[in-house]
Structures are given as structure tokens and as C-alpha cells.
$ cat run-v1.pdb   # PDB, C-alpha atoms
ATOM      1  CA  MET F   1     -51.649-102.506-112.489
ATOM      2  CA  SER F   2     -53.827-101.983-115.573
ATOM      3  CA  ALA F   3     -53.125-103.866-118.785
ATOM      4  CA  PRO F   4     -51.129-101.967-121.441
ATOM      5  CA  ARG F   5     -53.218-100.478-124.237
ATOM      6  CA  PHE F   6     -52.462-100.584-127.951
ATOM      7  CA  PHE F   7     -54.093 -99.008-130.999
ATOM      8  CA  VAL F   8     -54.966-101.426-133.791
ATOM      9  CA  ASP F   9     -56.682-100.199-136.947
ATOM     10  CA  ALA F  10     -58.929-103.240-137.320
ATOM     11  CA  THR F  11     -62.286-104.642-136.338
ATOM     12  CA  LEU F  12     -62.019-106.021-132.818
ATOM     13  CA  GLU F  13     -64.028-109.230-132.576
ATOM     14  CA  PRO F  14     -63.817-111.817-129.775
ATOM     15  CA  GLY F  15     -61.959-114.897-130.963
ATOM     16  CA  ALA F  16     -59.932-113.041-133.585
ATOM     17  CA  ARG F  17     -56.133-113.043-133.687
ATOM     18  CA  LEU F  18     -54.540-109.784-134.821
ATOM     19  CA  ALA F  19     -50.898-109.107-135.582
ATOM     20  CA  LEU F  20     -49.714-106.122-133.573
ATOM     21  CA  PRO F  21     -48.493-103.288-135.838
ATOM     22  CA  GLU F  22     -44.708-103.035-136.039
ATOM     23  CA  ARG F  23     -44.454-100.029-133.736
ATOM     24  CA  ALA F  24     -46.858-101.535-131.189
ATOM     25  CA  ALA F  25     -45.026-104.877-131.287
ATOM     26  CA  HIS F  26     -41.685-103.150-130.708
ATOM     27  CA  HIS F  27     -43.107-101.213-127.779
ATOM     28  CA  ALA F  28     -44.668-104.346-126.289
ATOM     29  CA  LEU F  29     -41.639-106.630-126.655
ATOM     30  CA  ARG F  30     -38.643-104.294-126.507
ATOM     31  CA  VAL F  31     -39.807-101.387-124.343
ATOM     32  CA  LEU F  32     -42.354-102.915-121.971
ATOM     33  CA  ARG F  33     -40.743-106.380-122.242
ATOM     34  CA  LEU F  34     -44.109-108.097-122.150
ATOM     35  CA  VAL F  35     -44.126-111.884-122.257
ATOM     36  CA  HIS F  36     -46.366-114.513-123.809
ATOM     37  CA  GLY F  37     -49.828-114.671-122.247
ATOM     38  CA  VAL F  38     -49.988-111.276-120.556
ATOM     39  CA  PRO F  39     -53.296-109.356-120.829
ATOM     40  CA  LEU F  40     -53.622-106.457-123.265
ATOM     41  CA  VAL F  41     -56.278-103.908-124.138
ATOM     42  CA  LEU F  42     -56.833-102.998-127.797
ATOM     43  CA  PHE F  43     -58.744-100.021-129.198
ATOM     44  CA  ASN F  44     -59.326 -98.932-132.778
ATOM     45  CA  GLY F  45     -60.270 -95.287-132.184
ATOM     46  CA  ARG F  46     -63.917 -95.802-133.086
ATOM     47  CA  GLY F  47     -65.224 -96.483-129.595
ATOM     48  CA  GLY F  48     -65.059 -99.372-127.186
ATOM     49  CA  GLU F  49     -62.106-101.624-126.428
ATOM     50  CA  ALA F  50     -61.177-105.294-126.470
ATOM     51  CA  ARG F  51     -59.486-107.389-123.841
ATOM     52  CA  ALA F  52     -56.850-109.664-125.321
ATOM     53  CA  ARG F  53     -53.872-111.895-124.553
ATOM     54  CA  LEU F  54     -50.413-111.490-126.037
ATOM     55  CA  THR F  55     -49.045-114.336-128.138
ATOM     56  CA  VAL F  56     -45.301-114.235-128.814
ATOM     57  CA  GLU F  57     -43.448-116.412-131.290
ATOM     58  CA  GLY F  58     -39.878-115.296-131.848
ATOM     59  CA  GLN F  59     -39.978-111.693-133.005
ATOM     60  CA  GLN F  60     -43.677-111.847-133.886
ATOM     61  CA  ALA F  61     -46.462-110.599-131.605
ATOM     62  CA  TRP F  62     -50.187-111.204-131.882
ATOM     63  CA  ALA F  63     -53.184-110.311-129.766
ATOM     64  CA  ASP F  64     -55.852-112.941-129.212
ATOM     65  CA  ILE F  65     -59.089-111.105-128.486
ATOM     66  CA  VAL F  66     -61.019-112.483-125.557
ATOM     67  CA  GLN F  67     -63.811-109.985-124.876
ATOM     68  CA  TRP F  68     -65.328-106.802-126.295
ATOM     69  CA  ASP F  69     -66.274-103.946-123.969
ATOM     70  CA  ALA F  70     -68.312-100.974-125.213
ATOM     71  CA  ILE F  71     -66.909 -98.695-122.491
ATOM     72  CA  GLU F  72     -66.439 -95.001-123.318
ATOM     73  CA  ARG F  73     -64.414 -92.367-121.506
ATOM     74  CA  GLU F  74     -65.352 -89.322-123.557
ATOM     75  CA  SER F  75     -66.233 -85.930-122.154
ATOM     76  CA  THR F  76     -69.869 -84.880-121.888
ATOM     77  CA  LEU F  77     -68.779 -81.759-123.809
ATOM     78  CA  ASP F  78     -67.887 -81.433-127.489
ATOM     79  CA  LEU F  79     -64.654 -79.435-127.200
ATOM     80  CA  THR F  80     -62.729 -77.834-130.059
ATOM     81  CA  LEU F  81     -59.316 -76.200-129.730
ATOM     82  CA  ILE F  82     -58.292 -73.883-132.549
ATOM     83  CA  GLN F  83     -54.566 -73.507-131.957
ATOM     84  CA  ALA F  84     -52.330 -71.093-133.845
ATOM     85  CA  LEU F  85     -49.170 -72.660-135.243
ATOM     86  CA  VAL F  86     -46.299 -72.429-132.771
ATOM     87  CA  ALA F  87     -42.983 -74.203-132.232
ATOM     88  CA  THR F  88     -43.207 -77.974-132.772
ATOM     89  CA  ASP F  89     -42.279 -78.933-129.217
ATOM     90  CA  LYS F  90     -45.058 -76.720-127.878
ATOM     91  CA  LEU F  91     -47.589 -78.173-130.305
ATOM     92  CA  ASP F  92     -46.529 -81.687-129.347
ATOM     93  CA  TRP F  93     -47.327 -80.787-125.734
ATOM     94  CA  VAL F  94     -50.649 -79.142-126.625
ATOM     95  CA  VAL F  95     -51.832 -82.119-128.699
ATOM     96  CA  GLU F  96     -50.872 -84.641-126.031
ATOM     97  CA  LYS F  97     -52.397 -82.779-123.097
ATOM     98  CA  ALA F  98     -55.517 -81.605-124.950
ATOM     99  CA  THR F  99     -56.158 -85.252-125.859
ATOM    100  CA  GLU F 100     -55.861 -86.214-122.197
ATOM    101  CA  LEU F 101     -58.282 -83.402-121.331
ATOM    102  CA  GLY F 102     -60.937 -84.808-123.664
ATOM    103  CA  VAL F 103     -60.811 -82.471-126.664
ATOM    104  CA  ALA F 104     -62.835 -83.717-129.644
ATOM    105  CA  ARG F 105     -60.800 -81.910-132.293
ATOM    106  CA  ILE F 106     -57.746 -79.710-132.644
ATOM    107  CA  VAL F 107     -57.643 -77.319-135.591
ATOM    108  CA  LEU F 108     -54.224 -75.837-136.389
ATOM    109  CA  ALA F 109     -54.137 -72.491-138.147
ATOM    110  CA  PRO F 110     -51.433 -70.018-139.161
ATOM    111  CA  ALA F 111     -51.456 -66.612-137.486
ATOM    112  CA  ALA F 112     -49.723 -63.310-138.165
ATOM    113  CA  ARG F 113     -47.282 -63.825-135.294
ATOM    114  CA  SER F 114     -46.693 -67.531-135.834
ATOM    115  CA  VAL F 115     -42.961 -68.232-135.905
ATOM    116  CA  VAL F 116     -43.595 -71.508-137.763
ATOM    117  CA  ARG F 117     -44.539 -71.599-141.439
ATOM    118  CA  LEU F 118     -45.335 -74.925-143.066
ATOM    119  CA  ASN F 119     -45.738 -75.633-146.753
ATOM    120  CA  ALA F 120     -48.243 -78.291-147.823
ATOM    121  CA  GLU F 121     -45.757 -81.178-147.748
ATOM    122  CA  ARG F 122     -44.321 -80.289-144.348
ATOM    123  CA  LEU F 123     -47.799 -79.702-142.960
ATOM    124  CA  GLU F 124     -48.941 -83.183-143.968
ATOM    125  CA  ARG F 125     -45.890 -84.717-142.296
ATOM    126  CA  ARG F 126     -46.485 -82.723-139.120
ATOM    127  CA  LEU F 127     -50.195 -83.625-139.081
ATOM    128  CA  ALA F 128     -49.258 -87.315-139.304
ATOM    129  CA  HIS F 129     -46.814 -86.761-136.422
ATOM    130  CA  TRP F 130     -49.441 -85.020-134.262
ATOM    131  CA  ARG F 131     -51.993 -87.733-134.997
ATOM    132  CA  GLU F 132     -49.498 -90.307-133.720
ATOM    133  CA  ILE F 133     -49.079 -88.223-130.557
ATOM    134  CA  ALA F 134     -52.860 -88.153-130.098
ATOM    135  CA  LEU F 135     -53.012 -91.946-130.545
ATOM    136  CA  ALA F 136     -50.286 -92.450-127.939
ATOM    137  CA  ALA F 137     -52.088 -90.106-125.557
ATOM    138  CA  CYS F 138     -55.319 -92.079-126.014
ATOM    139  CA  ALA F 139     -53.477 -95.306-125.250
ATOM    140  CA  GLN F 140     -52.088 -93.759-122.070
ATOM    141  CA  CYS F 141     -55.199 -92.009-120.765
ATOM    142  CA  GLY F 142     -57.816 -94.644-121.627
ATOM    143  CA  ARG F 143     -59.713 -92.858-124.391
ATOM    144  CA  ASN F 144     -61.230 -95.121-127.029
ATOM    145  CA  ARG F 145     -61.991 -92.371-129.530
ATOM    146  CA  VAL F 146     -59.157 -90.438-131.117
ATOM    147  CA  PRO F 147     -59.586 -86.658-131.492
ATOM    148  CA  GLN F 148     -59.412 -85.186-134.962
ATOM    149  CA  ILE F 149     -56.211 -83.290-135.790
ATOM    150  CA  LEU F 150     -57.028 -80.871-138.607
ATOM    151  CA  ALA F 151     -55.452 -77.910-140.385
ATOM    152  CA  ALA F 152     -57.061 -74.713-141.642
ATOM    153  CA  VAL F 153     -55.644 -72.298-144.202
ATOM    154  CA  SER F 154     -56.266 -69.331-141.905
ATOM    155  CA  LEU F 155     -57.707 -68.329-138.562
ATOM    156  CA  GLY F 156     -60.742 -66.938-140.362
ATOM    157  CA  ALA F 157     -61.370 -70.256-142.100
ATOM    158  CA  ALA F 158     -60.995 -72.175-138.832
ATOM    159  CA  CYS F 159     -63.425 -69.885-137.024
ATOM    160  CA  ALA F 160     -65.934 -69.841-139.869
ATOM    161  CA  ALA F 161     -65.989 -73.658-139.938
ATOM    162  CA  SER F 162     -66.804 -73.963-136.232
ATOM    163  CA  ALA F 163     -70.350 -74.989-135.400
ATOM    164  CA  ALA F 164     -69.846 -74.845-131.633
ATOM    165  CA  ARG F 165     -72.620 -73.311-129.553
ATOM    166  CA  HIS F 166     -70.156 -71.363-127.375
ATOM    167  CA  ARG F 167     -67.208 -69.831-129.215
ATOM    168  CA  HIS F 168     -64.370 -67.889-127.616
ATOM    169  CA  VAL F 169     -61.180 -66.239-128.811
ATOM    170  CA  LEU F 170     -58.664 -65.903-125.990
ATOM    171  CA  ALA F 171     -57.398 -62.355-125.508
ATOM    172  CA  PRO F 172     -55.683 -61.253-122.269
ATOM    173  CA  ALA F 173     -57.178 -57.758-122.453
ATOM    174  CA  ALA F 174     -60.752 -58.952-122.980
ATOM    175  CA  SER F 175     -63.450 -58.328-120.391
ATOM    176  CA  GLY F 176     -65.592 -61.351-121.238
ATOM    177  CA  ALA F 177     -65.781 -64.268-118.806
ATOM    178  CA  LEU F 178     -66.248 -67.963-119.462
ATOM    179  CA  LEU F 179     -69.906 -68.714-120.050
ATOM    180  CA  SER F 180     -71.614 -71.350-117.984
ATOM    181  CA  ALA F 181     -71.990 -74.527-119.991
ATOM    182  CA  ALA F 182     -74.151 -77.595-119.560
ATOM    183  CA  PRO F 183     -73.343 -81.249-120.261
ATOM    184  CA  GLY F 184     -73.752 -81.894-123.969
ATOM    185  CA  ASP F 185     -72.750 -78.379-125.020
ATOM    186  CA  SER F 186     -70.254 -77.710-127.784
ATOM    187  CA  ILE F 187     -67.497 -75.201-127.044
ATOM    188  CA  ALA F 188     -64.624 -73.872-129.163
ATOM    189  CA  PHE F 189     -61.571 -71.873-128.137
ATOM    190  CA  ALA F 190     -59.178 -70.045-130.441
ATOM    191  CA  VAL F 191     -55.686 -69.617-128.994
ATOM    192  CA  GLY F 192     -53.048 -67.347-130.467
ATOM    193  CA  PRO F 193     -49.323 -67.941-131.020
ATOM    194  CA  GLU F 194     -46.430 -66.553-129.030
ATOM    195  CA  GLY F 195     -47.292 -62.860-128.819
ATOM    196  CA  GLY F 196     -51.012 -63.511-129.171
ATOM    197  CA  PHE F 197     -53.462 -62.661-131.919
ATOM    198  CA  THR F 198     -53.340 -59.265-133.558
ATOM    199  CA  ALA F 199     -56.265 -56.854-133.171
ATOM    200  CA  ASP F 200     -57.295 -57.670-136.747
ATOM    201  CA  GLU F 201     -57.318 -61.411-136.004
ATOM    202  CA  ILE F 202     -59.427 -60.933-132.889
ATOM    203  CA  GLU F 203     -61.863 -58.912-134.978
ATOM    204  CA  THR F 204     -61.889 -61.692-137.595
ATOM    205  CA  ALA F 205     -62.830 -64.171-134.892
ATOM    206  CA  ARG F 206     -65.506 -61.837-133.544
ATOM    207  CA  THR F 207     -67.007 -61.544-137.015
ATOM    208  CA  ALA F 208     -67.263 -65.351-137.084
ATOM    209  CA  GLY F 209     -69.200 -65.320-133.805
ATOM    210  CA  PHE F 210     -66.344 -65.755-131.320
ATOM    211  CA  ALA F 211     -66.574 -63.725-128.120
ATOM    212  CA  ALA F 212     -63.301 -62.362-126.733
ATOM    213  CA  LEU F 213     -62.410 -64.073-123.458
ATOM    214  CA  SER F 214     -59.807 -63.582-120.763
ATOM    215  CA  LEU F 215     -58.858 -66.416-118.417
ATOM    216  CA  GLY F 216     -57.753 -64.046-115.655
ATOM    217  CA  PRO F 217     -55.313 -61.269-114.756
ATOM    218  CA  ARG F 218     -52.167 -63.214-115.697
ATOM    219  CA  VAL F 219     -50.992 -63.637-119.269
ATOM    220  CA  MET F 220     -50.560 -67.327-120.092
ATOM    221  CA  ARG F 221     -48.228 -68.867-122.612
ATOM    222  CA  THR F 222     -49.802 -70.224-125.770
ATOM    223  CA  GLU F 223     -49.190 -73.825-124.672
ATOM    224  CA  THR F 224     -50.916 -73.125-121.337
ATOM    225  CA  ALA F 225     -53.944 -71.035-122.311
ATOM    226  CA  GLY F 226     -55.888 -73.580-124.356
ATOM    227  CA  LEU F 227     -55.292 -76.354-121.851
ATOM    228  CA  ALA F 228     -56.457 -74.097-119.006
ATOM    229  CA  ALA F 229     -59.638 -73.284-120.938
ATOM    230  CA  LEU F 230     -60.333 -76.970-121.591
ATOM    231  CA  ALA F 231     -59.765 -77.847-117.941
ATOM    232  CA  ALA F 232     -62.083 -75.020-116.838
ATOM    233  CA  CYS F 233     -64.843 -76.372-119.097
ATOM    234  CA  GLN F 234     -64.412 -79.877-117.741
ATOM    235  CA  ALA F 235     -64.660 -78.494-114.219
ATOM    236  CA  LEU F 236     -67.798 -76.487-115.006
ATOM    237  CA  ALA F 237     -69.828 -79.006-116.982
ATOM    238  CA  GLY F 238     -67.685 -81.809-118.300
ATOM    239  CA  ASP F 239     -65.874 -84.720-116.694
ATOM    240  CA  TRP F 240     -65.708 -83.127-113.270
ATOM    241  CA  GLY F 241     -68.670 -80.721-113.419
ATOM    242  CA  ARG F 242     -72.074 -81.032-111.884
ATOM    243  CA  SER F 243     -74.729 -82.670-114.033
ATOM    244  CA  GLY F 244     -77.496 -80.576-112.572
TER     245      GLY F 244
END
$ encode --input "run-v1.pdb" --output "C-alpha cells"
Amino acid sequence: MSAPRFFVDATLEPGARLALPERAAHHALRVLRLVHGVPLVLFNGRGGEARARLTVEGQQAWADIVQWDAIERESTLDLTLIQALVATDKLDWVVEKATELGVARIVLAPAARSVVRLNAERLERRLAHWREIALAACAQCGRNRVPQILAAVSLGAACAASAARHRHVLAPAASGALLSAAPGDSIAFAVGPEGGFTADEIETARTAGFAALSLGPRVMRTETAGLAALAACQALAGDWGRSG
């Protein structure tokens, strides 16, 4: 069984003793019921990980770092998911699973058919929530770099800001097919809300250099489509694809 992983926003140096953050300490002692001396893995989201041992004194928990390992588990592709705002439970799922699938960044944008509308204060709270979900997903799946969780004021702004080499807007009626990609490529997908993008929004994405793309004859839910596109890219040229 692999050692449990915890995020610590600190420099990870062999020989250092770090206090586990309150949430991590609670999870270690109360949820996992870890005991003094068990091995841990720490990561700080900036690459690499540290092997450590748990020190427990009463209600306090520390990690004594034993060894640094520069291991990376990132995709060979630079993947961006532009996701229209949808119901919170669906976005929770998308953020978690896209993180597991190796996405580099998730950009959330309002769309004409979005059922969720967030003012600035609520948006900041939700972004903090989704970043915590991404951190937890990294701890679970072994990633040592945390994807960016960003917000755009509009679909047009999100598309215009993308510098990806291959850019696609998902549209069930489109005739375009997924382009072949090579390791090292950058790819962006824009996914609509429940009900999809409007014709005007698809045209906005096209104007920003996004080609309309269909993933097949069946219409997928918003929380399925982006994940399917990411998985297809990984199969073609990413984690599971051929390097030649």
C-alpha cells in the first residue's frame, strides 16, 4: 500500500520538520487514523515530492522529511479545459476528474445558457473551493503539480487568452474531427453548459481560432464531454499515446 500524500505549502528539504496544516492533520489523525512513525509523502504543488515520517504528540502532527524525489507525473501534453459555468456538483466532478486526467489549467467562463450566475464575491469563494478539490485530486492521483483553476469574464475572453496550438470548441453538430497531436503539443477545449453553446458563442470561439469539433454521434453531457476530450488526447499522444 502506498504512503498517504499530503499537500504542504512549504519548501521541502530533507531533515526539516514541518507542522501538517490543520486540515491535513485532521485527515491524517482522525480520518486515516495514522500513528506515530508511519511514512508519508509531501508535495507542495511546484514539482517533486518528499518522503517523510509522521510525528504525533497529542493532537499535534508533524512530518519529518527524510528524502527529496524530483519525480514528475505530468502529461506530455499541455491541456487546457475551458468549461462553461454549470451546477456546482457538476463542476466539482469536472475539476476532480480533469485533474486526474492531467489537465494543466481549467478556465471557467459564463455562457448564455449557464444556469449558474456568480457575482465577484461568490466566484472567489467557489474558485477557492475548486482549487481545494484540485489539490485533493493531486494528492489522490500522484500529481506533484497542481493545475491552475482560473475564471474568465466571458467565453470570448477565455478563448482569446488561449495560446494553445490546437484549439477546439465542442459542438455536437460539427463535422470536424480531433486532430492528431504529438507529445509536447498544447491543446485547448471549450465545453458548453447544459444545452450547449449558442450559435453566436460557437462563432465567437471560431473567431478566436477554435475549430468546431464533435466527439461522435452521441450528445454528451457537459460534465462528460470535456473529460472525454482530455482522455482522447491522452490516448492519442499523451500519457497513453505512442511517442513516435
$ resolve_selection --input "run-v1.pdb" --expression "the PyMOL selection byres ((chain F and resi 188-194) around 7)" --output "ChimeraX atom specification"
/F:79-86,111,113-114,164,166-170,186-187,195-197,222,226
$ closest_residue --input "run-v1.pdb" --among "F:Glu121, F:Glu203, F:Asp9, F:Asp78" --to "Ile106 (chain F)" --atoms "only C-alpha atoms"
F:Asp78
$ residues_around --input "run-v1.pdb" --residues "region 45-61 of chain F" --least-positions-apart "3" --cutoff "7 Å" --atoms "all atoms listed in the file" --output "ChimeraX atom specification"
/F:12,19-20,25,36-42,64-72,144-146
$ atom_distance --input "run-v1.pdb" --atom1 "CA of Ala109 (chain F)" --atom2 "CA of Val94 (chain F)"
13.8 Å
$ closest_residue --input "run-v1.pdb" --among "F:Pro4, F:Pro14, F:Gly209, F:Pro183" --to "Leu34 (chain F)" --atoms "only C-alpha atoms"
F:Pro4
$ resolve_selection --input "run-v1.pdb" --expression "the PyMOL selection byres ((chain F and resi 128-143) around 9)" --output "VMD selection string"
chain F and resid 4 to 7 42 to 43 45 47 to 48 72 to 74 91 to 92 95 to 100 102 123 to 127 144 to 149
$ atom_distance --input "run-v1.pdb" --atom1 "CA of Ser214 (chain F)" --atom2 "CA of Gln234 (chain F)"
17.2 Å
$ resolve_selection --input "run-v1.pdb" --expression "the PyMOL selection byres ((chain F and resi 155-158) around 7)" --output "MDAnalysis selection string"
chainID F and resid 107 109:111 152:154 159:162 204:205
$ closest_residue --input "run-v1.pdb" --among "F:Leu32, F:Ser75, F:Pro172, F:Asn119" --to "Val219 (chain F)" --atoms "all atoms listed in the file"
F:Pro172
$ closest_residue --input "run-v1.pdb" --among "F:Ala182, F:Ala235, F:Leu150, F:Val103" --to "Arg165 (chain F)" --atoms "only C-alpha atoms"
F:Ala182
$ atom_distance --input "run-v1.pdb" --atom1 "CA of Ala173 (chain F)" --atom2 "CA of Gly216 (chain F)"
9.3 Å
$ build_atoms --input "run-v1.pdb" --residues "region 22-51 of chain F" --atoms "N, CA and C atoms" --output "short mmCIF file (atom, residue, chain, number, x, y, z; two decimals), in the frame of the given file"
data_model
loop_
_atom_site.label_atom_id
_atom_site.label_comp_id
_atom_site.auth_asym_id
_atom_site.auth_seq_id
_atom_site.Cartn_x
_atom_site.Cartn_y
_atom_site.Cartn_z
N GLU F 22 -46.14 -102.98 -136.33
CA GLU F 22 -44.71 -103.04 -136.04
C GLU F 22 -44.31 -102.16 -134.85
N ARG F 23 -44.81 -100.93 -134.83
CA ARG F 23 -44.45 -100.03 -133.74
C ARG F 23 -45.00 -100.53 -132.40
N ALA F 24 -46.25 -101.02 -132.41
CA ALA F 24 -46.86 -101.54 -131.19
C ALA F 24 -46.12 -102.78 -130.71
N ALA F 25 -45.75 -103.66 -131.66
CA ALA F 25 -45.03 -104.88 -131.29
C ALA F 25 -43.67 -104.54 -130.67
N HIS F 26 -42.99 -103.57 -131.26
CA HIS F 26 -41.68 -103.15 -130.71
C HIS F 26 -41.86 -102.61 -129.30
N HIS F 27 -42.88 -101.79 -129.11
CA HIS F 27 -43.11 -101.21 -127.78
C HIS F 27 -43.44 -102.31 -126.77
N ALA F 28 -44.26 -103.28 -127.20
CA ALA F 28 -44.67 -104.35 -126.29
C ALA F 28 -43.49 -105.24 -125.90
N LEU F 29 -42.69 -105.64 -126.91
CA LEU F 29 -41.64 -106.63 -126.66
C LEU F 29 -40.32 -106.03 -126.22
N ARG F 30 -39.96 -104.87 -126.77
CA ARG F 30 -38.64 -104.29 -126.51
C ARG F 30 -38.65 -103.22 -125.43
N VAL F 31 -39.74 -102.47 -125.33
CA VAL F 31 -39.81 -101.39 -124.34
C VAL F 31 -40.45 -101.88 -123.05
N LEU F 32 -41.66 -102.42 -123.17
CA LEU F 32 -42.35 -102.92 -121.97
C LEU F 32 -41.89 -104.31 -121.56
N ARG F 33 -41.24 -105.02 -122.49
CA ARG F 33 -40.74 -106.38 -122.24
C ARG F 33 -41.87 -107.32 -121.77
N LEU F 34 -42.99 -107.22 -122.47
CA LEU F 34 -44.11 -108.10 -122.15
C LEU F 34 -43.81 -109.52 -122.62
N VAL F 35 -44.39 -110.48 -121.94
CA VAL F 35 -44.13 -111.88 -122.26
C VAL F 35 -45.41 -112.56 -122.71
N HIS F 36 -45.25 -113.72 -123.29
CA HIS F 36 -46.37 -114.51 -123.81
C HIS F 36 -47.44 -114.70 -122.74
N GLY F 37 -48.70 -114.41 -123.13
CA GLY F 37 -49.83 -114.67 -122.25
C GLY F 37 -50.30 -113.51 -121.40
N VAL F 38 -49.57 -112.39 -121.41
CA VAL F 38 -49.99 -111.28 -120.56
C VAL F 38 -51.24 -110.62 -121.15
N PRO F 39 -52.09 -110.02 -120.32
CA PRO F 39 -53.30 -109.36 -120.83
C PRO F 39 -52.97 -108.03 -121.50
N LEU F 40 -53.72 -107.72 -122.53
CA LEU F 40 -53.62 -106.46 -123.26
C LEU F 40 -55.01 -105.85 -123.41
N VAL F 41 -55.05 -104.56 -123.73
CA VAL F 41 -56.28 -103.91 -124.14
C VAL F 41 -56.04 -103.29 -125.51
N LEU F 42 -56.92 -103.55 -126.44
CA LEU F 42 -56.83 -103.00 -127.80
C LEU F 42 -57.97 -102.01 -128.03
N PHE F 43 -57.69 -100.94 -128.76
CA PHE F 43 -58.74 -100.02 -129.20
C PHE F 43 -58.45 -99.61 -130.63
N ASN F 44 -59.51 -99.31 -131.37
CA ASN F 44 -59.33 -98.93 -132.78
C ASN F 44 -59.71 -97.49 -133.07
N GLY F 45 -59.98 -96.70 -132.01
CA GLY F 45 -60.27 -95.29 -132.18
C GLY F 45 -61.71 -94.98 -132.53
N ARG F 46 -62.53 -96.02 -132.68
CA ARG F 46 -63.92 -95.80 -133.09
C ARG F 46 -64.90 -96.09 -131.96
N GLY F 47 -64.38 -96.23 -130.75
CA GLY F 47 -65.22 -96.48 -129.60
C GLY F 47 -65.11 -97.91 -129.10
N GLY F 48 -65.17 -98.06 -127.79
CA GLY F 48 -65.06 -99.37 -127.19
C GLY F 48 -63.63 -99.90 -127.20
N GLU F 49 -63.44 -101.03 -126.51
CA GLU F 49 -62.11 -101.62 -126.43
C GLU F 49 -62.25 -103.14 -126.28
N ALA F 50 -61.17 -103.83 -126.54
CA ALA F 50 -61.18 -105.29 -126.47
C ALA F 50 -60.10 -105.77 -125.50
N ARG F 51 -60.46 -106.73 -124.69
CA ARG F 51 -59.49 -107.39 -123.84
C ARG F 51 -58.87 -108.53 -124.64
#
